[in-house]
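Q: So here's query.txt (compact mmCIF, C-alpha atoms and all ligand atoms).
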# COMPACT_ATOMS: atom_id res chain seq x y z
CA MET E 32 12.07 4.66 20.26
CA ASN E 33 9.96 2.70 22.71
CA PHE E 34 9.40 -1.01 22.00
CA HIS E 35 6.32 -1.22 24.22
CA PRO E 36 3.11 -0.52 22.34
CA THR E 37 1.10 2.31 23.87
CA GLU E 38 -2.38 1.73 25.25
CA GLU E 39 -3.79 3.27 22.06
CA GLN E 40 -1.72 0.97 19.84
CA ASP E 41 -2.83 -2.08 21.88
CA MET E 42 -6.43 -0.98 21.52
CA VAL E 43 -6.12 -0.56 17.75
CA VAL E 44 -4.60 -4.04 17.41
CA ARG E 45 -7.38 -5.59 19.52
CA MET E 46 -10.06 -3.77 17.53
CA VAL E 47 -8.61 -4.78 14.16
CA ARG E 48 -8.01 -8.40 15.23
CA THR E 49 -11.62 -8.74 16.34
CA PHE E 50 -12.83 -7.26 13.04
CA VAL E 51 -10.52 -9.46 10.99
CA GLU E 52 -11.46 -12.68 12.80
CA LYS E 53 -15.17 -11.99 12.50
CA GLU E 54 -15.48 -10.28 9.15
CA VAL E 55 -12.42 -10.75 6.95
CA THR E 56 -10.79 -14.16 7.48
CA PRO E 57 -14.02 -16.14 6.94
CA VAL E 58 -14.60 -14.56 3.50
CA ALA E 59 -11.13 -13.59 2.23
CA SER E 60 -10.32 -16.68 0.16
CA ALA E 61 -13.77 -16.96 -1.42
CA LEU E 62 -13.94 -13.25 -2.33
CA ASP E 63 -10.38 -13.36 -3.64
CA HIS E 64 -10.98 -16.39 -5.83
CA ALA E 65 -14.12 -14.72 -7.19
CA CYS E 66 -12.16 -11.48 -7.87
CA THR E 67 -14.67 -9.49 -5.81
CA PHE E 68 -13.95 -5.95 -4.68
CA PRO E 69 -14.96 -5.95 -0.98
CA GLU E 70 -17.21 -2.89 -0.89
CA ALA E 71 -18.89 -3.83 2.41
CA LEU E 72 -15.56 -4.45 4.16
CA VAL E 73 -14.15 -1.14 2.89
CA LYS E 74 -17.22 0.59 4.33
CA GLN E 75 -16.58 -1.12 7.68
CA LEU E 76 -12.93 0.02 7.60
CA GLY E 77 -14.29 3.54 7.19
CA GLU E 78 -16.65 3.13 10.15
CA MET E 79 -13.72 1.95 12.29
CA GLY E 80 -11.73 5.04 11.32
CA LEU E 81 -9.15 3.09 9.34
CA MET E 82 -9.55 4.88 6.00
CA GLY E 83 -8.07 8.06 7.46
CA ALA E 84 -6.24 6.44 10.35
CA PHE E 85 -3.55 9.07 11.02
CA ILE E 86 -5.45 12.10 9.72
CA PRO E 87 -6.49 14.45 12.56
CA SER E 88 -10.12 14.19 13.65
CA GLU E 89 -10.88 17.79 12.56
CA PHE E 90 -10.37 16.56 8.98
CA GLY E 91 -12.46 13.43 9.37
CA GLY E 92 -9.69 11.01 10.41
CA SER E 93 -9.01 9.05 13.60
CA GLY E 94 -5.90 10.96 14.64
CA MET E 95 -3.95 7.77 15.37
CA ASP E 96 -0.18 7.80 15.40
CA LEU E 97 1.55 6.27 12.40
CA LEU E 98 2.61 3.14 14.29
CA SER E 99 -1.03 2.36 15.10
CA TYR E 100 -1.73 2.58 11.37
CA VAL E 101 1.20 0.23 10.67
CA PHE E 102 -0.14 -2.26 13.24
CA ALA E 103 -3.58 -2.05 11.62
CA MET E 104 -2.13 -2.52 8.11
CA GLU E 105 -0.24 -5.61 9.25
CA GLU E 106 -3.34 -7.18 10.79
CA ILE E 107 -5.60 -6.42 7.82
CA SER E 108 -3.03 -7.65 5.28
CA LYS E 109 -2.43 -10.79 7.32
CA ALA E 110 -6.02 -11.73 6.63
CA TRP E 111 -6.31 -10.36 3.10
CA ALA E 112 -3.66 -8.33 1.32
CA SER E 113 -6.24 -7.03 -1.20
CA LEU E 114 -8.07 -5.22 1.58
CA GLY E 115 -4.72 -3.96 2.87
CA VAL E 116 -3.80 -2.27 -0.40
CA ILE E 117 -7.21 -0.61 -0.76
CA MET E 118 -6.72 0.81 2.74
CA THR E 119 -3.11 1.94 2.35
CA VAL E 120 -3.70 3.71 -0.96
CA ASN E 121 -6.54 5.72 0.54
CA ASN E 122 -4.58 6.56 3.72
CA SER E 123 -1.00 7.06 2.55
CA LEU E 124 -1.31 8.06 -1.08
CA VAL E 125 -4.45 10.18 -1.08
CA CYS E 126 -5.42 11.44 2.41
CA ASP E 127 -1.83 12.09 3.48
CA PRO E 128 -0.81 14.41 0.59
CA ILE E 129 -4.11 16.33 0.76
CA HIS E 130 -3.49 16.79 4.47
CA ARG E 131 0.14 17.87 3.94
CA PHE E 132 -0.23 20.02 0.84
CA GLY E 133 -3.93 20.89 0.53
CA ASN E 134 -5.59 24.19 1.44
CA ALA E 135 -8.45 24.57 3.92
CA ASP E 136 -11.13 24.29 1.23
CA GLN E 137 -9.60 21.12 -0.25
CA LYS E 138 -9.34 19.56 3.20
CA GLU E 139 -12.98 20.30 3.88
CA ARG E 140 -14.31 19.15 0.50
CA PHE E 141 -12.02 16.22 -0.32
CA LEU E 142 -10.02 15.09 2.70
CA LYS E 143 -12.95 14.85 5.12
CA PRO E 144 -15.07 12.39 3.11
CA LEU E 145 -11.97 10.40 2.14
CA ALA E 146 -10.73 10.12 5.72
CA GLN E 147 -14.23 9.27 6.98
CA GLY E 148 -14.40 6.44 4.47
CA ASN E 149 -17.38 7.99 2.69
CA LYS E 150 -15.32 8.40 -0.47
CA LEU E 151 -12.50 6.28 -1.88
CA GLY E 152 -9.29 7.62 -3.38
CA CYS E 153 -6.76 6.49 -5.94
CA TYR E 154 -3.27 7.73 -6.84
CA ALA E 155 -2.74 8.26 -10.55
CA LEU E 156 0.96 8.67 -11.25
CA THR E 157 2.09 5.67 -13.32
CA GLU E 158 1.70 5.65 -17.12
CA ALA E 159 2.45 3.10 -19.82
CA GLY E 160 5.77 4.82 -20.52
CA ALA E 161 6.50 6.08 -17.00
CA GLY E 162 6.72 3.43 -14.28
CA SER E 163 10.02 3.52 -12.40
CA ASP E 164 10.88 6.72 -14.28
CA ALA E 165 7.90 8.53 -12.81
CA GLY E 166 9.25 11.94 -13.85
CA ALA E 167 8.69 10.98 -17.51
CA ILE E 168 4.88 11.16 -17.39
CA ALA E 169 3.20 12.55 -20.50
CA THR E 170 -0.37 13.30 -19.33
CA GLN E 171 -0.91 17.01 -19.94
CA ALA E 172 -2.80 19.63 -17.97
CA ILE E 173 -3.48 22.55 -20.27
CA SER E 174 -4.49 25.87 -18.71
CA ASP E 175 -7.83 27.17 -20.07
CA GLY E 176 -9.46 30.06 -18.20
CA ASP E 177 -10.41 28.90 -14.70
CA ASP E 178 -9.76 25.26 -15.58
CA TYR E 179 -7.06 22.83 -16.54
CA ILE E 180 -7.86 20.34 -19.29
CA LEU E 181 -6.39 16.90 -18.65
CA LYS E 182 -5.35 14.82 -21.68
CA GLY E 183 -3.60 11.46 -21.45
CA SER E 184 -3.82 8.14 -19.65
CA LYS E 185 -2.65 6.33 -16.52
CA ARG E 186 -1.95 2.63 -15.96
CA PHE E 187 -1.98 0.17 -13.07
CA ILE E 188 -4.03 2.46 -10.83
CA THR E 189 -5.07 0.70 -7.62
CA ASN E 190 -8.71 1.52 -6.66
CA GLY E 191 -9.04 3.21 -10.09
CA LYS E 192 -12.39 1.66 -10.93
CA HIS E 193 -14.03 2.26 -7.55
CA ALA E 194 -12.49 5.59 -6.59
CA ASP E 195 -14.52 8.78 -6.17
CA ILE E 196 -11.46 11.01 -6.04
CA ALA E 197 -8.19 10.61 -7.93
CA LEU E 198 -4.91 12.34 -7.22
CA VAL E 199 -3.66 12.89 -10.76
CA TYR E 200 -0.17 13.98 -11.79
CA ALA E 201 0.11 15.83 -15.09
CA VAL E 202 2.55 18.04 -16.98
CA THR E 203 1.79 21.75 -16.68
CA ASP E 204 5.06 22.98 -18.19
CA ALA E 205 6.66 20.53 -20.63
CA ALA E 206 9.81 22.63 -21.07
CA LEU E 207 10.69 22.06 -17.40
CA GLY E 208 10.62 18.25 -17.53
CA LYS E 209 9.92 16.71 -14.11
CA LYS E 210 10.03 20.23 -12.60
CA GLY E 211 6.95 21.02 -14.71
CA ILE E 212 4.60 18.42 -13.16
CA SER E 213 1.59 19.37 -11.02
CA ALA E 214 -0.81 17.39 -8.82
CA PHE E 215 -4.59 17.65 -9.19
CA ILE E 216 -7.48 16.42 -7.07
CA VAL E 217 -9.96 15.08 -9.61
CA GLU E 218 -13.50 13.90 -8.91
CA THR E 219 -13.91 10.75 -10.98
CA SER E 220 -17.46 11.82 -11.91
CA ARG E 221 -16.07 14.61 -14.11
CA PRO E 222 -16.86 14.29 -17.84
CA GLY E 223 -13.83 12.94 -19.69
CA PHE E 224 -12.64 10.80 -16.75
CA ILE E 225 -12.83 7.29 -18.21
CA VAL E 226 -12.00 3.91 -16.69
CA SER E 227 -10.92 2.21 -19.90
CA LYS E 228 -9.77 -1.17 -18.58
CA THR E 229 -9.37 -3.24 -15.41
CA GLU E 230 -6.38 -5.54 -15.29
CA GLU E 231 -6.38 -9.29 -14.65
CA LYS E 232 -3.57 -9.94 -12.18
CA MET E 233 -1.54 -12.76 -10.66
CA GLY E 234 -2.63 -11.75 -7.16
CA LEU E 235 -4.55 -9.15 -5.15
CA HIS E 236 -7.71 -10.37 -6.81
CA GLY E 237 -9.98 -8.35 -4.52
CA SER E 238 -8.35 -5.05 -5.40
CA ASP E 239 -9.02 -3.36 -8.72
CA THR E 240 -6.21 -2.11 -10.92
CA ALA E 241 -7.40 0.17 -13.69
CA GLU E 242 -6.33 2.06 -16.74
CA LEU E 243 -7.65 5.63 -16.73
CA VAL E 244 -8.09 7.87 -19.75
CA PHE E 245 -8.48 11.65 -19.51
CA GLN E 246 -10.36 12.77 -22.57
CA ASP E 247 -10.31 16.56 -22.32
CA CYS E 248 -11.27 16.21 -18.67
CA ARG E 249 -11.85 19.70 -17.21
CA VAL E 250 -10.67 20.31 -13.66
CA PRO E 251 -11.08 23.69 -11.94
CA LYS E 252 -7.86 25.45 -11.02
CA GLU E 253 -8.90 25.38 -7.37
CA ASN E 254 -8.29 21.57 -7.52
CA LEU E 255 -4.54 22.05 -7.99
CA LEU E 256 -2.81 20.46 -4.98
CA GLY E 257 0.06 22.56 -3.63
CA THR E 258 1.65 24.97 -6.05
CA LYS E 259 1.93 24.72 -9.83
CA ASN E 260 4.93 22.61 -10.95
CA ALA E 261 5.52 21.22 -7.41
CA GLY E 262 3.85 17.92 -8.31
CA PHE E 263 6.86 15.63 -8.66
CA LYS E 264 8.17 16.47 -5.20
CA ILE E 265 4.66 15.96 -3.79
CA ALA E 266 4.60 12.56 -5.54
CA LEU E 267 7.95 11.47 -4.08
CA ALA E 268 7.28 12.81 -0.57
CA THR E 269 3.96 10.95 -0.65
CA LEU E 270 5.62 7.72 -1.75
CA ASP E 271 7.97 7.91 1.26
CA GLY E 272 4.89 7.34 3.42
CA GLY E 273 3.29 4.93 0.98
CA ARG E 274 6.32 2.67 1.12
CA ILE E 275 5.84 2.22 4.87
CA GLY E 276 2.28 1.09 4.16
CA ILE E 277 3.36 -1.44 1.54
CA ALA E 278 6.13 -2.69 3.82
CA ALA E 279 3.48 -3.24 6.52
CA GLN E 280 1.33 -5.07 3.98
CA ALA E 281 4.28 -7.36 3.12
CA LEU E 282 4.86 -7.91 6.84
CA GLY E 283 1.23 -8.97 7.31
CA ILE E 284 1.45 -11.44 4.42
CA ALA E 285 4.68 -12.90 5.84
CA GLN E 286 3.23 -13.20 9.36
CA ALA E 287 0.22 -15.02 7.90
CA CYS E 288 2.58 -17.40 6.09
CA LEU E 289 4.49 -18.13 9.28
CA GLU E 290 1.45 -18.74 11.47
CA THR E 291 -0.21 -20.94 8.84
CA ALA E 292 2.98 -22.93 8.26
CA VAL E 293 3.61 -23.44 11.99
CA ALA E 294 0.08 -24.77 12.54
CA TYR E 295 0.37 -27.06 9.53
CA ALA E 296 3.82 -28.37 10.49
CA LYS E 297 2.53 -29.41 13.90
CA GLU E 298 -0.46 -31.21 12.48
CA ARG E 299 0.88 -32.81 9.27
CA GLU E 300 2.49 -36.21 9.79
CA GLN E 301 4.98 -37.93 7.50
CA PHE E 302 7.37 -40.79 8.24
CA GLY E 303 5.39 -41.47 11.42
CA LYS E 304 5.71 -38.05 13.06
CA ALA E 305 4.69 -34.42 12.74
CA ILE E 306 6.81 -32.68 10.11
CA ALA E 307 7.55 -30.02 12.76
CA GLU E 308 9.85 -32.64 14.31
CA PHE E 309 12.19 -32.52 11.32
CA GLN E 310 15.15 -30.19 11.60
CA MET E 311 14.78 -28.98 8.00
CA ILE E 312 11.27 -27.70 8.75
CA ARG E 313 12.32 -26.18 12.09
CA TRP E 314 15.14 -24.26 10.40
CA MET E 315 12.80 -22.87 7.80
CA ILE E 316 10.42 -21.72 10.53
CA ALA E 317 13.27 -20.18 12.54
CA ASP E 318 14.55 -18.25 9.51
CA MET E 319 11.03 -17.03 8.69
CA GLN E 320 10.61 -15.70 12.24
CA VAL E 321 13.96 -13.86 12.27
CA GLU E 322 13.37 -12.22 8.89
CA ILE E 323 9.85 -11.15 9.83
CA ASP E 324 11.04 -9.55 13.03
CA ALA E 325 13.90 -7.75 11.25
CA ALA E 326 11.40 -6.30 8.77
CA ARG E 327 9.07 -5.31 11.58
CA LEU E 328 11.81 -3.33 13.30
CA LEU E 329 12.79 -1.53 10.07
CA ILE E 330 9.15 -0.62 9.43
CA HIS E 331 8.53 0.60 12.97
CA ARG E 332 11.64 2.77 12.83
CA ALA E 333 10.59 4.35 9.53
CA ALA E 334 7.08 5.00 10.90
CA TRP E 335 8.47 6.53 14.08
CA LEU E 336 10.76 8.83 12.08
CA ARG E 337 7.90 10.01 9.88
CA GLN E 338 5.62 10.46 12.88
CA THR E 339 8.23 12.65 14.59
CA GLY E 340 8.86 14.70 11.44
CA LYS E 341 12.43 13.49 10.92
CA PRO E 342 13.99 12.65 7.52
CA MET E 343 13.03 9.09 6.59
CA THR E 344 13.30 8.65 2.81
CA LEU E 345 16.27 6.28 3.29
CA GLN E 346 14.65 4.33 6.13
CA ALA E 347 11.32 3.97 4.29
CA ALA E 348 13.14 2.62 1.23
CA GLN E 349 15.08 0.16 3.43
CA ALA E 350 11.89 -1.01 5.13
CA LYS E 351 10.05 -1.44 1.81
CA LEU E 352 12.99 -3.22 0.14
CA TYR E 353 13.61 -5.64 2.98
CA ALA E 354 10.00 -6.35 3.94
CA SER E 355 8.86 -7.02 0.37
CA GLU E 356 11.80 -9.27 -0.53
CA MET E 357 11.44 -11.00 2.83
CA ALA E 358 7.72 -11.64 2.28
CA ASN E 359 8.56 -13.44 -0.97
CA ARG E 360 11.18 -15.63 0.72
CA VAL E 361 8.84 -16.41 3.59
CA ALA E 362 5.90 -17.18 1.27
CA TYR E 363 8.14 -19.52 -0.72
CA LYS E 364 9.04 -21.40 2.46
CA ALA E 365 5.41 -21.56 3.58
CA VAL E 366 4.40 -23.21 0.30
CA GLN E 367 7.39 -25.56 0.66
CA ILE E 368 6.29 -26.61 4.14
CA PHE E 369 2.79 -27.31 2.84
CA GLY E 370 4.25 -29.38 -0.01
CA GLY E 371 1.74 -30.17 -2.78
CA TYR E 372 -1.11 -28.84 -0.66
CA GLY E 373 0.55 -25.43 -0.72
CA TYR E 374 -0.05 -25.24 -4.46
CA MET E 375 -3.78 -25.83 -4.06
CA LYS E 376 -6.41 -23.11 -3.75
CA GLU E 377 -7.93 -25.06 -0.88
CA PHE E 378 -5.24 -23.63 1.42
CA PRO E 379 -4.50 -19.91 1.81
CA VAL E 380 -0.72 -20.10 1.33
CA GLU E 381 -1.05 -20.09 -2.47
CA ARG E 382 -2.88 -16.74 -2.13
CA PHE E 383 -0.22 -15.41 0.24
CA TYR E 384 2.46 -16.48 -2.26
CA ARG E 385 0.75 -14.69 -5.17
CA ASP E 386 -0.03 -11.60 -3.11
CA ALA E 387 3.53 -11.30 -1.80
CA ARG E 388 4.84 -10.99 -5.36
CA ILE E 389 3.45 -7.51 -6.04
CA THR E 390 5.09 -5.97 -2.96
CA THR E 391 8.52 -5.83 -4.64
CA LEU E 392 6.96 -4.05 -7.62
CA TYR E 393 4.49 -1.33 -6.70
CA GLU E 394 5.26 1.94 -4.95
CA GLY E 395 8.78 1.56 -6.32
CA THR E 396 10.40 -1.72 -7.34
CA SER E 397 13.20 -3.20 -5.23
CA GLU E 398 15.61 -1.75 -7.77
CA ILE E 399 14.17 1.75 -7.21
CA GLN E 400 14.50 1.31 -3.42
CA ARG E 401 18.15 0.39 -3.93
CA ILE E 402 18.63 3.54 -6.05
CA VAL E 403 17.10 5.66 -3.28
CA ILE E 404 19.24 3.96 -0.61
CA ALA E 405 22.50 4.20 -2.57
CA ARG E 406 21.86 7.84 -3.56
CA SER E 407 21.22 8.74 0.03
CA LEU E 408 24.58 7.25 1.10
CA LEU E 409 26.60 8.49 -1.86
CA GLN E 410 24.86 11.89 -2.18
CA THR E 411 25.02 11.62 -5.99
CA ASN E 412 22.53 10.77 -8.70
N1 LIG E 501 10.67 13.76 -1.10
C1 LIG E 501 10.63 15.01 -1.62
N2 LIG E 501 11.40 15.41 -2.67
C2 LIG E 501 12.21 14.48 -3.21
C3 LIG E 501 12.29 13.15 -2.74
C4 LIG E 501 11.48 12.81 -1.62
N3 LIG E 501 11.50 11.57 -1.12
N4 LIG E 501 13.18 12.46 -3.47
C5 LIG E 501 13.66 13.34 -4.38
N5 LIG E 501 13.08 14.54 -4.23
C6 LIG E 501 13.31 15.75 -5.00
C7 LIG E 501 14.78 15.87 -5.41
O1 LIG E 501 15.52 16.54 -4.40
C8 LIG E 501 14.70 16.67 -6.68
O2 LIG E 501 14.53 18.03 -6.34
P1 LIG E 501 15.38 19.19 -7.14
O3 LIG E 501 14.90 19.10 -8.56
O4 LIG E 501 14.97 20.45 -6.47
O5 LIG E 501 16.81 18.84 -6.99
C9 LIG E 501 13.38 16.19 -7.30
O6 LIG E 501 12.60 15.63 -6.23
C10 LIG E 501 13.56 15.14 -8.36
O7 LIG E 501 14.32 14.10 -7.80
P2 LIG E 501 15.29 13.19 -8.64
O8 LIG E 501 16.04 14.04 -9.62
O9 LIG E 501 16.05 12.33 -7.70
O10 LIG E 501 14.24 12.33 -9.47
P3 LIG E 501 14.45 11.10 -10.45
O11 LIG E 501 13.72 11.38 -11.69
O12 LIG E 501 15.90 10.75 -10.56
O13 LIG E 501 13.63 9.93 -9.75
C11 LIG E 501 13.18 8.12 -8.31
C12 LIG E 501 13.81 9.51 -8.49
C13 LIG E 501 13.48 7.76 -6.89
C14 LIG E 501 13.79 7.08 -9.24
C15 LIG E 501 11.64 8.24 -8.55
O14 LIG E 501 11.35 8.44 -9.91
C16 LIG E 501 10.86 7.06 -8.06
O15 LIG E 501 10.64 6.93 -6.87
N6 LIG E 501 10.41 6.16 -8.99
C17 LIG E 501 9.52 5.11 -8.64
C18 LIG E 501 8.11 5.53 -8.87
C19 LIG E 501 7.14 4.80 -7.98
O16 LIG E 501 7.40 4.48 -6.83
N7 LIG E 501 5.93 4.59 -8.50
C20 LIG E 501 4.90 4.02 -7.74
C21 LIG E 501 3.59 4.37 -8.32
S1 LIG E 501 2.29 4.45 -7.14
C22 LIG E 501 1.80 2.87 -6.82
O17 LIG E 501 2.47 1.93 -7.11
C23 LIG E 501 0.52 2.78 -6.06
C24 LIG E 501 -0.05 1.43 -6.01
O18 LIG E 501 -0.46 0.86 -6.99
C25 LIG E 501 -0.27 0.77 -4.74
Would you put the structure from the file into structure tokens?
A:
Amino acid sequence: MNFHPTEEQDMVVRMVRTFVEKEVTPVASALDHACTFPEALVKQLGEMGLMGAFIPSEFGGSGMDLLSYVFAMEEISKAWASLGVIMTVNNSLVCDPIHRFGNADQKERFLKPLAQGNKLGCYALTEAGAGSDAGAIATQAISDGDDYILKGSKRFITNGKHADIALVYAVTDAALGKKGISAFIVETSRPGFIVSKTEEKMGLHGSDTAELVFQDCRVPKENLLGTKNAGFKIALATLDGGRIGIAAQALGIAQACLETAVAYAKEREQFGKAIAEFQMIRWMIADMQVEIDAARLLIHRAAWLRQTGKPMTLQAAQAKLYASEMANRVAYKAVQIFGGYGYMKEFPVERFYRDARITTLYEGTSEIQRIVIARSLLQTN
């Protein structure tokens, strides 16, 4: 592993920083407080090639390496974590599995517009009764001639309201339990695809989280992703990559906390001097920096392993676990350094604090990451 960014990676960082400074930072807090989905910014991400960042150009993507994508995710999430999650879901949870498991026709019809940013994707796995226990989903896909008929519902689906294409997991053979789950590419315009609710959340106010209902929603058999009953393994293999994206999102939030807290500590005076002069503040800042860098290294290693086709389930879980827990500790310290001002919407650290909280929950809670890590070491269930 090389610690020097390549020319391409440097270029991506410069491009994203320029975009963020000009287009995202000035509007992030206002859009977030107004709970506005940033349609125009998502379109710009597509134009910059960031909605299919590591998908090869023949399928509409930018063909970047995975580390470039991680750098981009960090920079975007540093400015606004809501925009980060919209981007990572489309890249890691929708484009990536269609690229890995889709056939030529599916790549042409679905992957291309998704990777170009002309369509938006969502990943519909979670249900009311199947969160951490994802293998317990109950949504059914019943074979009927050339179609499957989807019946059931999904919860907490990021991008669910705005998506054009959903990757939906459903049971095709109930007798086989989690070995009887299949993955389907579903156009959200299909009759019977219903967005029944959008959630009100603690954070990520710019990203929509929806409940989806499938009311006898017909999907042609050609929309089956991979083979019948291979869906659960597709879901887990996809989440390995998704967890790197969420870890990078957490890293961006934490880096934003650090930079904001450092600037504030130098400027804010109490007891006749800048609070940065006090050892208790300096120690907090030092600990934030060390933890952020440790997370960054774990994330870069996991991305490098995935990029080079090596096993990385364990390393992705470690990166996600550490980065998300770290982001919460760092956000706590940032609010502490700001004191009462940190609790006010006038300053961005309250948003960072709220946004950090979700990172230990979605794409596998910290407890699930620990299960994955321990299983990998103990080789038992
Ligand atoms: N890649 C490929 N295959 C894998 C795998 C991986 N990473 N991990 C396990 N498998 C295989 C297993 O080898 C097993 O295969 P066999 O049946 O042939 O032996 C099969 O998949 C089933 O594995 P397990 O028996 O280990 O499955 P489990 O039911 O015990 O669950 C789990 C494992 C890790 C707990 C899993 O359920 C899990 O990750 N849960 C969390 C779900 C999650 O992350 N949800 C996030 C929703 S998406 C989201 O949050 C998006 C968003 O909003 C941003």
Q: Using only C-alpha atoms, which of the listed residues (E:Tyr384, E:Tyr393, E:Phe369, E:Phe245) sits closest to Ala285 in chain E?
A: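 Nearest to Ala285 in chain E: E:Tyr384.
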Q: Using only C-alpha atoms, which residue out of E:Val101, E:Ala348, E:Leu328, E:Met79 lies closest to Ile399 in chain E?
A: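 The answer is E:Ala348, which sits nearest to Ile399 in chain E.
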Q: Enter the distance from CA of Leu207 in chain E to CA of Arg186 in chain E, in Å, rounded to one decimal.
A: 23.2 Å
Q: Grab the CA of Ala135 in chain E to CA of Val120 in chain E distance for me, in Å with one decimal place.
A: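 Interatomic distance here is 21.9 Å.
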Q: Ranking E:Ile402, E:Val244, E:Ala292, E:Val321 by minimum distance to ligand LIG 501 (chain E) and counting only C-alpha atoms and all ligand atoms, which one comes first?
A: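 Selected residue with least distance to ligand LIG 501 (chain E): E:Ile402.
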Q: Counting all atoms listed in the file, which residues in chain E sit no more than 8 Å from ligand LIG 501 (chain E)? For each one, give the nearest pair of atoms and the distance in Å, sorted by chain then residue number, as CSV.
A:
residue,atom,partner,partner_atom,distance
E:Val116,CA,E:LIG501,C25,6.4
E:Thr119,CA,E:LIG501,C25,7.7
E:Val120,CA,E:LIG501,C25,5.9
E:Leu124,CA,E:LIG501,C23,7.5
E:Tyr154,CA,E:LIG501,C23,6.3
E:Ala155,CA,E:LIG501,S1,7.2
E:Leu156,CA,E:LIG501,C21,5.8
E:Thr157,CA,E:LIG501,C21,5.4
E:Gly162,CA,E:LIG501,N7,5.9
E:Ser163,CA,E:LIG501,C17,4.1
E:Asp164,CA,E:LIG501,O14,4.7
E:Ala165,CA,E:LIG501,O14,4.5
E:Gly166,CA,E:LIG501,O11,5.0
E:Ala167,CA,E:LIG501,O11,7.7
E:Phe187,CA,E:LIG501,O18,6.3
E:Ile188,CA,E:LIG501,O18,5.5
E:Thr189,CA,E:LIG501,O18,4.7
E:Lys209,CA,E:LIG501,O11,7.0
E:Lys210,CA,E:LIG501,O3,6.4
E:Thr240,CA,E:LIG501,O18,7.6
E:Phe263,CA,E:LIG501,O6,6.2
E:Lys264,CA,E:LIG501,N2,4.2
E:Ile265,CA,E:LIG501,C1,6.4
E:Ala266,CA,E:LIG501,C1,7.6
E:Leu267,CA,E:LIG501,C4,4.5
E:Ala268,CA,E:LIG501,N1,3.6
E:Thr269,CA,E:LIG501,N1,7.3
E:Leu270,CA,E:LIG501,O16,6.3
E:Asp271,CA,E:LIG501,N3,5.6
E:Gly273,CA,E:LIG501,C23,7.9
E:Ile277,CA,E:LIG501,C25,7.6
E:Thr344,CA,E:LIG501,N3,5.2
E:Leu392,CA,E:LIG501,O17,7.5
E:Tyr393,CA,E:LIG501,O17,3.9
E:Glu394,CA,E:LIG501,C20,3.5
E:Gly395,CA,E:LIG501,O16,3.3
E:Thr396,CA,E:LIG501,O16,6.9
E:Ile399,CA,E:LIG501,C14,5.7
E:Gln400,CA,E:LIG501,C13,7.4
E:Ile402,CA,E:LIG501,C13,6.7
E:Val403,CA,E:LIG501,C13,5.5
E:Asn412,CA,E:LIG501,O9,6.7
Q: Can I get the selection written as a compact mmCIF listing (two decimals), in the frame of the given file, with C-alpha atoms?
A:
# COMPACT_ATOMS: atom_id res chain seq x y z
CA VAL E 116 -3.80 -2.27 -0.40
CA THR E 119 -3.11 1.94 2.35
CA VAL E 120 -3.70 3.71 -0.96
CA LEU E 124 -1.31 8.06 -1.08
CA TYR E 154 -3.27 7.73 -6.84
CA ALA E 155 -2.74 8.26 -10.55
CA LEU E 156 0.96 8.67 -11.25
CA THR E 157 2.09 5.67 -13.32
CA GLY E 162 6.72 3.43 -14.28
CA SER E 163 10.02 3.52 -12.40
CA ASP E 164 10.88 6.72 -14.28
CA ALA E 165 7.90 8.53 -12.81
CA GLY E 166 9.25 11.94 -13.85
CA ALA E 167 8.69 10.98 -17.51
CA PHE E 187 -1.98 0.17 -13.07
CA ILE E 188 -4.03 2.46 -10.83
CA THR E 189 -5.07 0.70 -7.62
CA LYS E 209 9.92 16.71 -14.11
CA LYS E 210 10.03 20.23 -12.60
CA THR E 240 -6.21 -2.11 -10.92
CA PHE E 263 6.86 15.63 -8.66
CA LYS E 264 8.17 16.47 -5.20
CA ILE E 265 4.66 15.96 -3.79
CA ALA E 266 4.60 12.56 -5.54
CA LEU E 267 7.95 11.47 -4.08
CA ALA E 268 7.28 12.81 -0.57
CA THR E 269 3.96 10.95 -0.65
CA LEU E 270 5.62 7.72 -1.75
CA ASP E 271 7.97 7.91 1.26
CA GLY E 273 3.29 4.93 0.98
CA ILE E 277 3.36 -1.44 1.54
CA THR E 344 13.30 8.65 2.81
CA LEU E 392 6.96 -4.05 -7.62
CA TYR E 393 4.49 -1.33 -6.70
CA GLU E 394 5.26 1.94 -4.95
CA GLY E 395 8.78 1.56 -6.32
CA THR E 396 10.40 -1.72 -7.34
CA ILE E 399 14.17 1.75 -7.21
CA GLN E 400 14.50 1.31 -3.42
CA ILE E 402 18.63 3.54 -6.05
CA VAL E 403 17.10 5.66 -3.28
CA ASN E 412 22.53 10.77 -8.70
Q: Produce a table with one row for each residue of range 137-209 of chain E that has an atom at most 7 Å from any atom of range 227-239 of chain E, each row naming the nearest atom pair and its distance in Å at one decimal; use all atoms listed in the file; arrange rows by chain and rising residue number; format as a tab-separated table.
A:
residue	atom	partner	partner_atom	distance
E:Thr189	CA	E:Asp239	CA	5.8
E:Asn190	CA	E:Asp239	CA	5.3
E:Gly191	CA	E:Asp239	CA	6.7
E:Lys192	CA	E:Asp239	CA	6.4
Q: Which one is closest to Ala103 in chain E: E:Ala287, E:Ala317, E:Leu81, E:Ala405? Count only C-alpha atoms.
A: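 When distances to Ala103 in chain E are compared using only C-alpha atoms, the smallest one comes from E:Leu81.
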Q: Compute the distance from (1.5, -10.1, 6.8) to each atom, counting only C-alpha atoms, keep the residues with any atom at most 9 Å away, and return them as a list of chain:residue names; use the coordinates of the file.
A: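 Selection result: E:Met104, E:Glu105, E:Glu106, E:Ile107, E:Ser108, E:Lys109, E:Ala110, E:Trp111, E:Ala112, E:Ala279, E:Gln280, E:Ala281, E:Leu282, E:Gly283, E:Ile284, E:Ala285, E:Gln286, E:Ala287, E:Cys288, E:Leu289, E:Ile323, E:Ala358, E:Phe383, E:Ala387.
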